[in-house]
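Asks: Sharing final_20.pdb, PDB, C-alpha atoms:
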ATOM      1  CA  MET A 265       7.460  16.597   2.034
ATOM      2  CA  LEU A 266       7.488  17.010  -1.744
ATOM      3  CA  ALA A 267       7.958  13.783  -3.698
ATOM      4  CA  ALA A 268       7.496  12.150  -7.108
ATOM      5  CA  PHE A 269       5.655   8.874  -6.640
ATOM      6  CA  ALA A 270       3.803   6.076  -8.373
ATOM      7  CA  SER A 271       0.088   6.215  -7.572
ATOM      8  CA  ALA A 272      -1.040   3.713 -10.218
ATOM      9  CA  ILE A 273       0.413   1.015 -12.461
ATOM     10  CA  SER A 274      -0.112   0.829 -16.225
ATOM     11  CA  GLY A 275       1.775  -1.030 -18.907
ATOM     12  CA  ASP A 276       0.157   1.067 -21.632
ATOM     13  CA  ASP A 277       0.369   4.496 -20.002
ATOM     14  CA  PRO A 278       3.088   4.379 -17.332
ATOM     15  CA  LEU A 279       3.384   8.163 -17.019
ATOM     16  CA  GLY A 280      -0.301   8.345 -16.147
ATOM     17  CA  GLY A 281       0.514   6.881 -12.732
ATOM     18  CA  LEU A 282       3.246   9.407 -11.889
ATOM     19  CA  GLU A 283       2.295  12.113  -9.396
ATOM     20  CA  ILE A 284       4.121  15.062  -7.843
ATOM     21  CA  GLY A 285       2.845  16.064  -4.424
ATOM     22  CA  GLU A 286       3.132  15.829  -0.658
ATOM     23  CA  ARG A 287       4.001  12.528   1.020
ATOM     24  CA  PRO A 288       4.533  11.670   4.716
ATOM     25  CA  GLU A 289       7.981  11.941   6.243
ATOM     26  CA  PRO A 290       9.926   8.657   5.950
ATOM     27  CA  GLU A 291       9.464   5.991   8.612
ATOM     28  CA  VAL A 292      12.807   5.221  10.263
ATOM     29  CA  ALA A 293      13.115   1.516  11.096
ATOM     30  CA  PRO A 294      15.745   0.197  13.552
ATOM     31  CA  GLY A 295      19.187   0.523  12.007
ATOM     32  CA  PHE A 296      17.931   3.086   9.481
ATOM     33  CA  THR A 297      18.643   6.788   9.233
ATOM     34  CA  THR A 298      17.401   9.670   7.126
ATOM     35  CA  VAL A 299      19.157  11.609   4.392
ATOM     36  CA  THR A 300      18.136  15.062   3.217
ATOM     37  CA  VAL A 301      18.305  14.586  -0.543
ATOM     38  CA  ARG A 302      20.142  17.246  -2.539
ATOM     39  CA  ALA A 303      20.127  15.475  -5.899
ATOM     40  CA  THR A 304      18.757  12.293  -7.430
ATOM     41  CA  SER A 305      18.817  10.832 -10.929
ATOM     42  CA  LEU A 306      16.371   9.037 -13.193
ATOM     43  CA  ASN A 307      16.804   5.417 -14.294
ATOM     44  CA  HIS A 308      14.893   3.093 -16.589
ATOM     45  CA  HIS A 309      14.054   1.190 -13.411
ATOM     46  CA  ASP A 310      11.770   4.081 -12.434
ATOM     47  CA  LEU A 311       9.923   3.874 -15.731
ATOM     48  CA  TRP A 312       9.574   0.096 -15.409
ATOM     49  CA  SER A 313       8.224   0.546 -11.880
ATOM     50  CA  LEU A 314       5.372   2.616 -13.315
ATOM     51  CA  ARG A 315       4.638  -0.368 -15.559
ATOM     52  CA  GLY A 316       4.467  -2.641 -12.516
ATOM     53  CA  VAL A 317       7.795  -4.423 -12.970
ATOM     54  CA  GLY A 318       9.015  -5.193  -9.447
ATOM     55  CA  LEU A 319       6.339  -2.952  -7.956
ATOM     56  CA  PRO A 320       2.936  -4.562  -7.264
ATOM     57  CA  GLU A 321      -0.129  -2.374  -6.816
ATOM     58  CA  GLU A 322      -0.508  -3.289  -3.146
ATOM     59  CA  ARG A 323       2.707  -1.343  -2.380
ATOM     60  CA  LEU A 324       1.395   1.906  -3.851
ATOM     61  CA  PRO A 325       1.819   4.765  -3.405
ATOM     62  CA  MET A 326       5.590   4.355  -3.786
ATOM     63  CA  ILE A 327       8.100   7.189  -3.965
ATOM     64  CA  LEU A 328      10.317   6.467  -6.962
ATOM     65  CA  GLY A 329      14.063   6.974  -7.328
ATOM     66  CA  CYS A 330      17.023   4.675  -6.642
ATOM     67  CA  ASP A 331      19.878   7.164  -6.728
ATOM     68  CA  GLY A 332      20.560   9.873  -4.207
ATOM     69  CA  ALA A 333      23.182  12.135  -2.691
ATOM     70  CA  GLY A 334      22.628  14.486   0.207
ATOM     71  CA  ILE A 335      23.245  15.268   3.874
ATOM     72  CA  ASP A 336      22.934  12.690   6.664
ATOM     73  CA  GLU A 337      21.645  13.379  10.190
ATOM     74  CA  ASP A 338      25.179  14.264  11.357
ATOM     75  CA  GLY A 339      25.710  16.841   8.609
ATOM     76  CA  ASN A 340      27.945  14.647   6.436
ATOM     77  CA  GLU A 341      27.761  14.701   2.638
ATOM     78  CA  VAL A 342      26.844  11.169   1.579
ATOM     79  CA  VAL A 343      25.913   8.953  -1.364
ATOM     80  CA  VAL A 344      23.152   6.367  -0.976
ATOM     81  CA  HIS A 345      23.794   2.757  -2.022
ATOM     82  CA  ALA A 346      20.492   1.722  -3.608
ATOM     83  CA  VAL A 347      20.447  -1.977  -2.655
ATOM     84  CA  VAL A 348      18.739  -2.444   0.699
ATOM     85  CA  GLY A 349      19.607  -5.644   2.526
ATOM     86  CA  GLU A 350      22.866  -6.520   0.762
ATOM     87  CA  GLY A 351      24.424  -9.317   2.792
ATOM     88  CA  GLY A 352      21.507  -9.095   5.211
ATOM     89  CA  ARG A 353      22.673  -5.730   6.507
ATOM     90  CA  GLY A 354      20.101  -3.348   7.927
ATOM     91  CA  VAL A 355      17.048  -5.563   7.390
ATOM     92  CA  LYS A 356      15.194  -8.383   9.153
ATOM     93  CA  ASP A 357      16.719 -11.863   9.122
ATOM     94  CA  GLY A 358      15.828 -13.710   5.949
ATOM     95  CA  GLU A 359      14.734 -10.615   4.025
ATOM     96  CA  ARG A 360      16.058 -10.726   0.475
ATOM     97  CA  PRO A 361      17.922  -7.719  -0.921
ATOM     98  CA  THR A 362      15.828  -5.249  -2.907
ATOM     99  CA  ILE A 363      16.526  -2.025  -4.718
ATOM    100  CA  LEU A 364      14.890   1.132  -3.412
ATOM    101  CA  THR A 365      11.304   1.591  -4.705
ATOM    102  CA  GLU A 366      10.553  -2.143  -4.705
ATOM    103  CA  ARG A 367       9.836  -2.439  -0.978
ATOM    104  CA  TYR A 368      11.263   0.766   0.494
ATOM    105  CA  GLN A 369      10.361   4.326  -0.485
ATOM    106  CA  GLY A 370      12.819   5.937  -2.890
ATOM    107  CA  THR A 371      14.885   9.073  -3.337
ATOM    108  CA  PHE A 372      12.606  11.301  -5.425
ATOM    109  CA  ALA A 373      11.747  13.206  -2.270
ATOM    110  CA  GLU A 374      13.125  15.780   0.108
ATOM    111  CA  ARG A 375      14.131  13.010   2.526
ATOM    112  CA  VAL A 376      14.709   9.256   2.340
ATOM    113  CA  ALA A 377      15.233   6.566   5.003
ATOM    114  CA  VAL A 378      17.870   3.879   4.405
ATOM    115  CA  PRO A 379      20.051   1.594   6.550
ATOM    116  CA  ARG A 380      23.056   3.450   7.957
ATOM    117  CA  TRP A 381      25.245   0.817   6.269
ATOM    118  CA  ASN A 382      24.031   2.060   2.881
ATOM    119  CA  LEU A 383      25.675   5.474   3.236
ATOM    120  CA  LEU A 384      29.091   6.251   1.765
ATOM    121  CA  PRO A 385      31.041   9.507   2.083
ATOM    122  CA  LYS A 386      30.639  11.747  -0.957
ATOM    123  CA  PRO A 387      34.024  12.817  -2.333
ATOM    124  CA  ALA A 388      34.388  16.578  -2.022
ATOM    125  CA  ALA A 389      35.486  16.734  -5.673
ATOM    126  CA  LEU A 390      32.072  15.521  -6.863
ATOM    127  CA  SER A 391      28.998  17.726  -6.845
ATOM    128  CA  PHE A 392      25.737  16.367  -5.430
ATOM    129  CA  GLU A 393      24.396  16.173  -8.994
ATOM    130  CA  GLU A 394      27.409  14.156 -10.182
ATOM    131  CA  ALA A 395      27.383  11.843  -7.169
ATOM    132  CA  ALA A 396      23.662  11.163  -7.602
ATOM    133  CA  CYS A 397      24.331   9.633 -11.027
ATOM    134  CA  LEU A 398      26.583   6.873  -9.719
ATOM    135  CA  PRO A 399      24.676   4.350  -7.549
ATOM    136  CA  THR A 400      22.623   2.648 -10.289
ATOM    137  CA  ALA A 401      23.592   3.232 -13.936
ATOM    138  CA  TRP A 402      27.252   4.002 -13.326
ATOM    139  CA  LEU A 403      27.617   1.239 -10.748
ATOM    140  CA  THR A 404      26.003  -1.173 -13.221
ATOM    141  CA  ALA A 405      28.521  -0.119 -15.879
ATOM    142  CA  TYR A 406      31.434  -0.411 -13.443
ATOM    143  CA  ARG A 407      30.493  -3.974 -12.498
ATOM    144  CA  MET A 408      29.880  -4.994 -16.129
ATOM    145  CA  LEU A 409      33.291  -3.784 -17.220
ATOM    146  CA  PHE A 410      35.615  -4.418 -14.294
ATOM    147  CA  THR A 411      34.009  -7.360 -12.484
ATOM    148  CA  ARG A 412      32.027  -9.394 -15.014
ATOM    149  CA  SER A 413      33.614  -8.984 -18.456
ATOM    150  CA  GLY A 414      36.931 -10.727 -17.801
ATOM    151  CA  THR A 415      38.679  -8.121 -19.964
ATOM    152  CA  GLN A 416      41.734  -5.983 -19.316
ATOM    153  CA  PRO A 417      42.920  -2.523 -20.353
ATOM    154  CA  GLY A 418      44.071  -2.700 -23.962
ATOM    155  CA  ASP A 419      41.193  -4.980 -24.952
ATOM    156  CA  THR A 420      38.489  -3.828 -27.341
ATOM    157  CA  ILE A 421      34.903  -3.545 -26.141
ATOM    158  CA  LEU A 422      31.720  -2.756 -28.031
ATOM    159  CA  VAL A 423      29.029  -0.719 -26.258
ATOM    160  CA  GLN A 424      25.614  -1.224 -27.822
ATOM    161  CA  GLY A 425      23.079   1.594 -27.845
ATOM    162  CA  ALA A 426      25.211   4.630 -27.051
ATOM    163  CA  GLY A 427      23.142   7.317 -25.373
ATOM    164  CA  GLY A 428      21.631   5.610 -22.362
ATOM    165  CA  GLY A 429      22.951   6.133 -18.861
ATOM    166  CA  VAL A 430      24.707   2.749 -18.584
ATOM    167  CA  ALA A 431      26.094   2.915 -22.125
ATOM    168  CA  SER A 432      27.452   6.433 -21.619
ATOM    169  CA  ALA A 433      29.055   5.362 -18.362
ATOM    170  CA  LEU A 434      30.669   2.348 -20.034
ATOM    171  CA  ILE A 435      32.224   4.541 -22.716
ATOM    172  CA  VAL A 436      33.675   7.008 -20.217
ATOM    173  CA  LEU A 437      34.908   4.386 -17.737
ATOM    174  CA  ALA A 438      36.440   2.150 -20.392
ATOM    175  CA  ARG A 439      38.275   4.986 -22.117
ATOM    176  CA  ALA A 440      39.637   6.242 -18.801
ATOM    177  CA  ALA A 441      40.839   2.725 -17.927
ATOM    178  CA  GLY A 442      42.738   2.210 -21.170
ATOM    179  CA  TYR A 443      40.386   0.136 -23.304
ATOM    180  CA  ARG A 444      39.773   0.548 -27.022
ATOM    181  CA  VAL A 445      36.112   1.539 -27.104
ATOM    182  CA  TRP A 446      33.626   1.147 -29.947
ATOM    183  CA  ALA A 447      29.959   2.098 -29.748
ATOM    184  CA  THR A 448      26.791   1.797 -31.814
ATOM    185  CA  SER A 449      23.628   3.840 -32.196
ATOM    186  CA  ARG A 450      20.846   4.342 -34.728
ATOM    187  CA  SER A 451      21.245   8.097 -34.210
ATOM    188  CA  GLU A 452      23.988  10.007 -35.984
ATOM    189  CA  GLU A 453      23.854  12.610 -33.216
ATOM    190  CA  LYS A 454      24.351   9.977 -30.512
ATOM    191  CA  ARG A 455      27.221   8.388 -32.442
ATOM    192  CA  ALA A 456      28.931  11.762 -32.579
ATOM    193  CA  ARG A 457      28.303  12.249 -28.883
ATOM    194  CA  ALA A 458      29.751   8.801 -28.111
ATOM    195  CA  VAL A 459      33.003   9.843 -29.795
ATOM    196  CA  GLU A 460      33.011  13.069 -27.784
ATOM    197  CA  LEU A 461      32.657  11.005 -24.608
ATOM    198  CA  GLY A 462      35.647   8.839 -25.487
ATOM    199  CA  ALA A 463      34.648   6.136 -27.968
ATOM    200  CA  HIS A 464      37.415   5.574 -30.494
ATOM    201  CA  GLN A 465      34.833   4.800 -33.193
ATOM    202  CA  ALA A 466      31.044   4.766 -33.424
ATOM    203  CA  PHE A 467      29.026   2.731 -35.901
ATOM    204  CA  GLU A 468      25.445   2.481 -37.051
ATOM    205  CA  SER A 469      23.471  -0.195 -35.233
ATOM    206  CA  GLY A 470      24.076  -3.534 -36.924
ATOM    207  CA  ALA A 471      27.056  -2.342 -38.975
ATOM    208  CA  ARG A 472      29.887  -4.715 -39.779
ATOM    209  CA  LEU A 473      32.864  -3.902 -37.554
ATOM    210  CA  PRO A 474      36.513  -3.693 -38.669
ATOM    211  CA  GLU A 475      37.255  -6.724 -36.486
ATOM    212  CA  ARG A 476      35.585  -8.735 -33.746
ATOM    213  CA  VAL A 477      35.824  -7.399 -30.207
ATOM    214  CA  ASP A 478      36.913  -8.976 -26.935
ATOM    215  CA  ALA A 479      33.620  -8.186 -25.203
ATOM    216  CA  VAL A 480      30.240  -6.652 -25.940
ATOM    217  CA  MET A 481      28.365  -4.597 -23.348
ATOM    218  CA  GLU A 482      24.688  -5.289 -23.973
ATOM    219  CA  THR A 483      21.830  -3.282 -22.446
ATOM    220  CA  VAL A 484      19.506  -3.065 -25.467
ATOM    221  CA  GLY A 485      18.365  -6.666 -25.853
ATOM    222  CA  ALA A 486      16.343  -7.942 -28.805
ATOM    223  CA  ALA A 487      17.219  -5.134 -31.224
ATOM    224  CA  THR A 488      20.997  -5.612 -30.973
ATOM    225  CA  TRP A 489      21.439  -9.204 -29.817
ATOM    226  CA  ALA A 490      22.182 -10.731 -33.243
ATOM    227  CA  HIS A 491      24.809  -8.051 -33.848
ATOM    228  CA  SER A 492      26.338  -8.631 -30.421
ATOM    229  CA  VAL A 493      26.710 -12.361 -31.024
ATOM    230  CA  ALA A 494      28.207 -11.754 -34.486
ATOM    231  CA  SER A 495      30.623  -9.076 -33.259
ATOM    232  CA  VAL A 496      32.453 -10.869 -30.454
ATOM    233  CA  ARG A 497      35.607 -12.902 -31.051
ATOM    234  CA  GLU A 498      36.119 -16.612 -30.403
ATOM    235  CA  GLU A 499      35.757 -17.267 -26.646
ATOM    236  CA  GLY A 500      34.788 -13.654 -26.153
ATOM    237  CA  THR A 501      32.199 -12.341 -23.713
ATOM    238  CA  ILE A 502      28.798 -10.700 -23.935
ATOM    239  CA  VAL A 503      27.815  -8.971 -20.689
ATOM    240  CA  ILE A 504      24.083  -8.290 -20.307
ATOM    241  CA  SER A 505      22.573  -5.921 -17.765
ATOM    242  CA  GLY A 506      19.345  -4.936 -19.486
ATOM    243  CA  ALA A 507      16.996  -5.420 -22.396
ATOM    244  CA  THR A 508      15.270  -2.117 -23.070
ATOM    245  CA  SER A 509      14.143  -3.185 -26.562
ATOM    246  CA  GLY A 510      12.800  -6.556 -25.417
ATOM    247  CA  PRO A 511      14.039  -9.577 -23.434
ATOM    248  CA  ASN A 512      13.437 -12.403 -25.926
ATOM    249  CA  PRO A 513      15.723 -12.189 -28.972
ATOM    250  CA  PRO A 514      16.571 -15.255 -31.114
ATOM    251  CA  ALA A 515      19.072 -17.221 -29.065
ATOM    252  CA  ALA A 516      21.643 -17.835 -31.830
ATOM    253  CA  LEU A 517      22.772 -20.865 -29.847
ATOM    254  CA  THR A 518      24.770 -22.403 -32.695
ATOM    255  CA  ARG A 519      27.097 -19.418 -32.795
ATOM    256  CA  VAL A 520      27.267 -19.261 -28.993
ATOM    257  CA  PHE A 521      28.471 -22.830 -28.566
ATOM    258  CA  PHE A 522      30.440 -23.135 -31.820
ATOM    259  CA  HIS A 523      32.503 -20.042 -30.990
ATOM    260  CA  GLN A 524      32.545 -20.868 -27.262
ATOM    261  CA  LEU A 525      31.174 -17.492 -26.265
ATOM    262  CA  ARG A 526      30.604 -16.487 -22.662
ATOM    263  CA  VAL A 527      27.196 -14.923 -21.979
ATOM    264  CA  VAL A 528      27.318 -13.240 -18.577
ATOM    265  CA  GLY A 529      24.541 -11.543 -16.647
ATOM    266  CA  SER A 530      25.240  -8.516 -14.482
ATOM    267  CA  THR A 531      22.946  -6.599 -12.151
ATOM    268  CA  MET A 532      23.728  -3.417 -10.235
ATOM    269  CA  GLY A 533      26.788  -3.730  -7.988
ATOM    270  CA  SER A 534      27.885  -4.003  -4.385
ATOM    271  CA  ARG A 535      28.539  -1.295  -1.817
ATOM    272  CA  ASP A 536      32.270  -2.042  -2.084
ATOM    273  CA  GLU A 537      32.124  -1.597  -5.856
ATOM    274  CA  LEU A 538      30.326   1.725  -5.384
ATOM    275  CA  ALA A 539      33.090   2.828  -3.006
ATOM    276  CA  ARG A 540      35.688   1.909  -5.647
ATOM    277  CA  LEU A 541      33.706   3.742  -8.332
ATOM    278  CA  LEU A 542      33.632   6.875  -6.181
ATOM    279  CA  ARG A 543      37.409   6.651  -5.721
ATOM    280  CA  PHE A 544      37.883   6.002  -9.443
ATOM    281  CA  CYS A 545      36.034   9.207 -10.271
ATOM    282  CA  GLU A 546      37.915  11.149  -7.613
ATOM    283  CA  VAL A 547      41.363   9.951  -8.688
ATOM    284  CA  THR A 548      40.950  10.005 -12.476
ATOM    285  CA  GLY A 549      38.822  13.116 -12.812
ATOM    286  CA  VAL A 550      36.108  11.118 -14.599
ATOM    287  CA  ARG A 551      32.682  12.649 -14.124
ATOM    288  CA  PRO A 552      29.226  11.297 -14.922
ATOM    289  CA  VAL A 553      27.645  12.392 -18.182
ATOM    290  CA  ILE A 554      24.639  14.572 -17.335
ATOM    291  CA  ASP A 555      22.015  15.200 -19.994
ATOM    292  CA  SER A 556      20.233  17.882 -17.965
ATOM    293  CA  VAL A 557      19.360  18.989 -14.430
ATOM    294  CA  ARG A 558      15.732  19.713 -13.552
ATOM    295  CA  SER A 559      13.641  20.404 -10.486
ATOM    296  CA  LEU A 560      11.581  17.617  -8.960
ATOM    297  CA  VAL A 561       8.341  19.224 -10.107
ATOM    298  CA  GLU A 562       9.603  18.720 -13.674
ATOM    299  CA  ALA A 563       9.801  14.947 -13.168
ATOM    300  CA  PRO A 564       6.987  14.176 -15.666
ATOM    301  CA  GLU A 565       8.907  15.955 -18.436
ATOM    302  CA  GLY A 566      12.039  14.053 -17.433
ATOM    303  CA  PHE A 567      10.231  10.701 -17.531
ATOM    304  CA  ALA A 568       8.794  11.556 -20.950
ATOM    305  CA  LYS A 569      12.273  12.418 -22.223
ATOM    306  CA  MET A 570      13.603   9.058 -21.041
ATOM    307  CA  GLU A 571      10.638   7.149 -22.487
ATOM    308  CA  SER A 572      11.268   8.732 -25.897
ATOM    309  CA  GLY A 573      14.986   7.904 -25.761
ATOM    310  CA  ASP A 574      15.812  11.568 -26.318
ATOM    311  CA  LEU A 575      18.739  11.878 -23.933
ATOM    312  CA  VAL A 576      22.459  11.183 -23.627
ATOM    313  CA  GLY A 577      23.664  10.367 -20.142
ATOM    314  CA  LYS A 578      21.823  10.934 -16.897
ATOM    315  CA  LEU A 579      18.838  13.135 -16.147
ATOM    316  CA  VAL A 580      19.174  14.674 -12.676
ATOM    317  CA  PHE A 581      16.601  16.190 -10.332
ATOM    318  CA  ALA A 582      17.977  18.808  -7.945
ATOM    319  CA  ILE A 583      16.010  19.095  -4.705
TER     320      ILE A 583
END
Starting from the file, lay out its structure as structure tokens.
Replies:
Amino acid sequence: MLAAFASAISGDDPLGGLEIGERPEPEVAPGFTTVTVRATSLNHHDLWSLRGVGLPEERLPMILGCDGAGIDEDGNEVVVHAVVGEGGRGVKDGERPTILTERYQGTFAERVAVPRWNLLPKPAALSFEEAACLPTAWLTAYRMLFTRSGTQPGDTILVQGAGGGVASALIVLARAAGYRVWATSRSEEKRARAVELGAHQAFESGARLPERVDAVMETVGAATWAHSVASVREEGTIVISGATSGPNPPAALTRVFFHQLRVVGSTMGSRDELARLLRFCEVTGVRPVIDSVRSLVEAPEGFAKMESGDLVGKLVFAI
């Protein structure tokens, strides 16, 4: 079957280890089933995998891709939850949960094998391309906003680095749920796009805000951390789910403890949260922001586009 896979690891030239070609049909372990993939979407996780983060060389070759939507063995339209082994379901006793592509082959292929428990019904109102955007970036955004931030509709949130998949999802979800939404970006084009997506205002990165916010959604890391700490109100919250610009910014501990800030980590989300996200999209009419749809053989161009930061929303591969 056709697949996009990591054949080598390189921190300096990650795209050099990406190959498009034939791979064996998926091995179906007890409790697993196969899904014929109709659409899948690209995440920064896939780029980091090519750098060896979470993917050691001894597990190569590894089919990449965490997100997927397609048809199960019974002909049902389904969405794949990307975390294998959540709550010990579908895996051997004692096996820790992992995201697809760390231990199990991923979704950038014509077929993928996952535990049956990981499949959720795809709402008929969502296309395969839209549904394939939800299990990683959009689920991460959903958990950051609704589970981890401690905020409520009517509060003001700041989304750092508008343009990425998680940031775009945060803007759309927060606006639909009744938040006041502000966003930042170095790019004038991406600031304009953030307003189109639902941000009430968009500012240059590092700009002084009209007032401090109730919570900051942080996925950028070192480049925006000082601004995030300065922008949140007394006893406000900074929710962190990524650090694409670097993981080691100055800590700014004096401001953190003096203003009694909450710094909260957030990673992915649960199957139940994904089910709620699917219903949220179905009921509200919210749809994932898609930068472009490409064929799987165009994966190298898609990876290059993500590496350059030249996208807004999700990049989808139709299979």
Asks: Find the residues around stretch 492-499 of chain A up to 7 Å (only C-alpha atoms counted), leave out those fewer than 4 positions away in its own chain, and share them as number ranges by chain.
Replies: A: 476-480, 488, 523-526
Asks: Can you tell me, as a list in words, which residues sit within 8 Å of (26.9, -1.3, -4.0) in the file's frame, using only C-alpha atoms?
Replies: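 The answer, in the requested form, is His345, Ala346, Val347, Pro399, Leu403, Met532, Gly533, Ser534, Arg535, Asp536, Glu537, Leu538 and Ala539 of chain A.
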Asks: Give me the residues within 8 Å of A:Gly573 as a ChimeraX atom specification, counting all atoms listed in the file and dropping any in the same chain fewer than 3 places off.
Replies: /A:428,569-570
Asks: I'd like the contact shell of A:Thr400 - 12 Å cut-off, all atoms listed in the file, skipping same-chain residues fewer than 2 positions apart - returned as a PyMOL selection string.
Replies: chain A and resi 304-310+329-332+343-347+363-364+395-398+402-407+429-430+433+505+531-535+537-538+541+552+578
Asks: I'd like the neighbourhood of stretch 444-461 of chain A as a count of residues only, where a residue qualifies if any of its atoms comes within 12 Å (using only C-alpha atoms), though same-chain residues fewer than 6 positions away should be ignored.
Replies: 58
Asks: Counting all atoms listed in the file, which of A:Ile502, A:Val301, A:Leu266, A:Ser274 gets nearest to A:Gly414?
Replies: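 With all atoms listed in the file as the atom set, the closest residue is A:Ile502.
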Asks: Write out as a list of chain:residue names the residues lying within 9 Å of A:Glu283, counting all atoms listed in the file and excluding same-chain residues fewer than 5 positions away.
Replies: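 Those residues are A:Ala267, A:Ala268, A:Phe269, A:Ala270, A:Ser271, A:Ala563, A:Pro564.
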Asks: Report the distance between atom CA of A:Pro385 and atom CA of A:Gly339 in Å, rounded to one decimal place.
Replies: 11.2 Å
Asks: Exactly which residues make up the result of the PyMOL selection byres ((chain A and resi 512) around 12) on this file, given as a VMD selection string?
Replies: chain A and resid 484 to 490 506 to 511 513 to 516
Asks: Identify which of the residues A:Pro278, A:Gly566, A:Pro361, A:Gly285 lies closest to A:Ala373, counting all atoms listed in the file when measuring atom-to-atom distances.
Replies: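 Of all the options, A:Gly285 lies closest to A:Ala373.
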Asks: Translate the PyMOL selection byres ((chain A and resi 349-360) around 8), as applied to the file shown, into an explicit residue set as a ChimeraX atom specification.
Replies: /A:294-296,347-348,361-362,379-381,534
Asks: In Å to one decimal, how far is atom CA of A:Gly549 from atom CA of A:Met408?
Replies: 20.5 Å
Asks: What is the atom CA of A:Leu324 to atom CA of A:Glu394 distance in Å?
Replies: 29.4 Å
Asks: So, counting only C-alpha atoms, which residue among A:Leu282, A:Ser413, A:Val520, A:Leu542 is closest to A:Val342?
Replies: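 Among A:Leu282, A:Ser413, A:Val520, A:Leu542, it is A:Leu542 that comes nearest to A:Val342.
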Asks: Of the residues A:Glu393, A:Glu562, A:Glu321, A:Glu286, which is the one nearest to A:Glu374, using only C-alpha atoms?
Replies: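 Smallest distance to A:Glu374 is found for A:Glu286.
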Asks: For this file, the PyMOL selection byres ((chain A and resi 299) around 7) selects which residues, as a list in words?
Replies: Thr297, Thr298, Thr300, Val301, Gly334, Ile335, Asp336, Glu337, Arg375, Val376 and Ala377 of chain A
Asks: Could you check the closest approach to A:Val580 for each of A:Ala568, A:Ala303, A:Ile504, A:Val561 and tell me which residue wins, using only C-alpha atoms?
Replies: A:Ala303
Asks: From the list A:Ile273, A:Leu328, A:Val317, A:Ala388, which residue is nearest A:Arg287 when using all atoms listed in the file?
Replies: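 Residue with the minimum atom-to-atom distance to A:Arg287: A:Leu328.
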Asks: Because the input lacks atoms here, generate N, CA and C atoms for stretch 269-284 of chain A and report them as a PDB file, in the coordinates of the input.
Replies:
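So rebuild.pdb came out as:
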ATOM      1  N   PHE A 269       6.003  10.236  -7.060  1.00  0.00           N
ATOM      2  CA  PHE A 269       5.655   8.874  -6.640  1.00  0.00           C
ATOM      3  C   PHE A 269       4.715   8.199  -7.634  1.00  0.00           C
ATOM      4  N   ALA A 270       4.716   6.879  -7.572  1.00  0.00           N
ATOM      5  CA  ALA A 270       3.803   6.076  -8.373  1.00  0.00           C
ATOM      6  C   ALA A 270       2.503   5.922  -7.606  1.00  0.00           C
ATOM      7  N   SER A 271       1.399   6.361  -8.199  1.00  0.00           N
ATOM      8  CA  SER A 271       0.088   6.215  -7.572  1.00  0.00           C
ATOM      9  C   SER A 271      -0.756   5.159  -8.265  1.00  0.00           C
ATOM     10  N   ALA A 272      -0.331   4.733  -9.461  1.00  0.00           N
ATOM     11  CA  ALA A 272      -1.040   3.713 -10.218  1.00  0.00           C
ATOM     12  C   ALA A 272      -0.057   3.019 -11.142  1.00  0.00           C
ATOM     13  N   ILE A 273      -0.422   1.819 -11.587  1.00  0.00           N
ATOM     14  CA  ILE A 273       0.413   1.015 -12.461  1.00  0.00           C
ATOM     15  C   ILE A 273      -0.286   0.857 -13.804  1.00  0.00           C
ATOM     16  N   SER A 274       0.466   1.029 -14.900  1.00  0.00           N
ATOM     17  CA  SER A 274      -0.112   0.829 -16.225  1.00  0.00           C
ATOM     18  C   SER A 274       0.986   0.469 -17.212  1.00  0.00           C
ATOM     19  N   GLY A 275       0.829  -0.662 -17.878  1.00  0.00           N
ATOM     20  CA  GLY A 275       1.775  -1.030 -18.907  1.00  0.00           C
ATOM     21  C   GLY A 275       1.632  -0.185 -20.150  1.00  0.00           C
ATOM     22  N   ASP A 276       0.426   0.290 -20.421  1.00  0.00           N
ATOM     23  CA  ASP A 276       0.157   1.067 -21.632  1.00  0.00           C
ATOM     24  C   ASP A 276       0.437   2.554 -21.460  1.00  0.00           C
ATOM     25  N   ASP A 277       0.191   3.067 -20.262  1.00  0.00           N
ATOM     26  CA  ASP A 277       0.369   4.496 -20.002  1.00  0.00           C
ATOM     27  C   ASP A 277       1.086   4.691 -18.673  1.00  0.00           C
ATOM     28  N   PRO A 278       2.381   4.320 -18.620  1.00  0.00           N
ATOM     29  CA  PRO A 278       3.088   4.379 -17.332  1.00  0.00           C
ATOM     30  C   PRO A 278       3.130   5.774 -16.733  1.00  0.00           C
ATOM     31  N   LEU A 279       3.269   6.803 -17.556  1.00  0.00           N
ATOM     32  CA  LEU A 279       3.384   8.163 -17.019  1.00  0.00           C
ATOM     33  C   LEU A 279       2.079   8.654 -16.420  1.00  0.00           C
ATOM     34  N   GLY A 280       0.975   7.977 -16.746  1.00  0.00           N
ATOM     35  CA  GLY A 280      -0.301   8.345 -16.147  1.00  0.00           C
ATOM     36  C   GLY A 280      -0.367   8.073 -14.661  1.00  0.00           C
ATOM     37  N   GLY A 281       0.504   7.203 -14.158  1.00  0.00           N
ATOM     38  CA  GLY A 281       0.514   6.881 -12.732  1.00  0.00           C
ATOM     39  C   GLY A 281       1.540   7.657 -11.934  1.00  0.00           C
ATOM     40  N   LEU A 282       2.236   8.603 -12.577  1.00  0.00           N
ATOM     41  CA  LEU A 282       3.246   9.407 -11.889  1.00  0.00           C
ATOM     42  C   LEU A 282       2.609  10.663 -11.318  1.00  0.00           C
ATOM     43  N   GLU A 283       2.827  10.908 -10.039  1.00  0.00           N
ATOM     44  CA  GLU A 283       2.295  12.113  -9.396  1.00  0.00           C
ATOM     45  C   GLU A 283       3.399  12.874  -8.681  1.00  0.00           C
ATOM     46  N   ILE A 284       3.245  14.184  -8.616  1.00  0.00           N
ATOM     47  CA  ILE A 284       4.121  15.062  -7.843  1.00  0.00           C
ATOM     48  C   ILE A 284       3.260  15.683  -6.747  1.00  0.00           C
TER      49      ILE A 284
END
